[in-house]
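Working notes, beginning with the structure itself.
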Amino acid sequence: MRVYHLSHTDLDGYGCQVVTKHYFKNVEFFNSNYGREIEAKFDEIISLIDSRDEKSLVLVTDLNLTLGQCEKFETALNERDSKILLLDHHQTGLECAKNFGWYLLDNSRCATKITYDFFSKAYGSDEKLSKFVDVVNAVDIWIKEDANFEMGKVCMGIVSGAKEINK
């Protein structure tokens with residue numbers, strides 16, 4: 001099974017991909033901001049699934065979808081005998097989370113932490129990766145009193161200041 005991982009273009013989105021890379025070897029990464037870019041990246045993923053004719057998992061992290069996108073993506077993947085899993089923390093996805101079992105929403109922690117907690121339960125925890133996840137979580141959901149907050153701000157600055165990271 002191949003994993004196609006679509007995530008946001010910020011520290012939390014890239015953090016989700018660091019976690020996924022730790023747990024899976026057969027992964028292709030895609031990044032998107034909101035709006036039409038999500039659908040364009042999804043269409044790119046669908047074309048890759050079609051060209052390879054294999055079962056796949058499309059993992060979406062740190063992006064919330066509209067109801068229309070959820071319906072479209074679910075239908076397209078069901079037709080290809082593939083699955084979708086969305087791990088997110090943005091409360092604006094609540095309606096979608098109520099309607100789709102594969103849409104996991106938890107606004108108490110960042111998407112990187114949700115992704116880590118989800119996969120570490122199945123595949124085991126990792127001390128170094130857990131520390132990184134805690135740094136991302138502290139800054140992404142703005143826990144100023146957390147000891148990891150200042151390091152998180154440094155990491156966020158590195159990502160936001162990078163010139164070529166989006167591709």
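Ordered as shown in the structure tokens, chains take letters A, B, and onward, while each chain numbers its residues from 1 and ligands are numbered from 1 in the order shown.
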
Original post:
Counting only C-alpha atoms, what is within 10 Å of Lys153 of chain A, bar same-chain residues fewer than 3 positions away, as a list in words?
Top reply: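 The neighbour list is Leu11, Val135, Val136, Ala138, Val139, Asp140, Trp142, Asn148, Phe149, Glu150, Met156, Gly157, Ile158 and Val159 of chain A.
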
**OP:** Please return as a PyMOL selection string: the residues of chain A that backbone DSSP assigns to helix (DSSP H, G or I).
**Re:** chain A and resi 11-23+36-52+67-78+91-99+111-123+127-140+149-161

Original post:
Which neighbours of Lys25 of chain A fall inside 12 Å, counting only C-alpha atoms, when residues of the same chain fewer than 2 positions from it are skipped, and could you give them as a ChimeraX atom specification?
Top reply: /A:1-5,17-23,27-29

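With atom CA of Thr66 of chain A on one side and atom CA of Glu39 of chain A on the other, the separation reads 10.7 Å.
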
Original post:
atom CA of Leu59 of chain A to atom CA of Phe30 of chain A: how many Å, to one decimal?
Top reply: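 Between these atoms lies a distance of 10.1 Å.
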
**OP:** Select, from A:Lys121, A:Asn64, A:Lys113, A:Asn78, the residue with the minimum atom-to-atom distance to Glu95 of chain A, counting only C-alpha atoms.
**Re:**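 Answer, going by the shortest atom-to-atom distance: A:Asn64.
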
Original post:
What gap, in Å, lies between atom CA of Phe118 of chain A and atom CA of His90 of chain A?
Top reply: 16.8 Å

Original post:
From the set A:Thr9, A:Gln91, A:Ser51, A:Asn99, which residue has the shortest atom-to-atom contact distance to Glu74 of chain A, counting only C-alpha atoms?
Top reply: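 Going through A:Thr9, A:Gln91, A:Ser51, A:Asn99 one by one, the smallest distance to Glu74 of chain A is for A:Asn99.
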
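Secondary structure by DSSP on the backbone puts the following residues of chain A in strand (DSSP E or B): A:Arg2, A:Val3, A:Tyr4, A:His5, A:Leu6, A:Ser7, A:His8, A:Val27, A:Glu28, A:Phe29, A:Phe30, A:Asn31, A:Ser32, A:Ser56, A:Leu57, A:Val58, A:Leu59, A:Val60, A:Thr61, A:Lys83, A:Ile84, A:Leu85, A:Leu86, A:Leu87, A:Asp88, A:Tyr103, A:Leu104, A:Leu105.
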
Subject >> Proximity to Asn33 of chain A - best of A:Ser120, A:Ser125, A:Ser47, A:Thr61, only C-alpha atoms >> reply: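 So, comparing all the options, the nearest one is A:Thr61.
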
**OP:** Within 12 Å of segment 82-85 of chain A, counting only C-alpha atoms, which residues show up once you throw out same-chain ones fewer than 5 positions away? Write them as a ChimeraX atom specification, please.
**Re:** /A:1-7,42,45-46,49-50,53-65,70-77,97,100-105,115,118-119
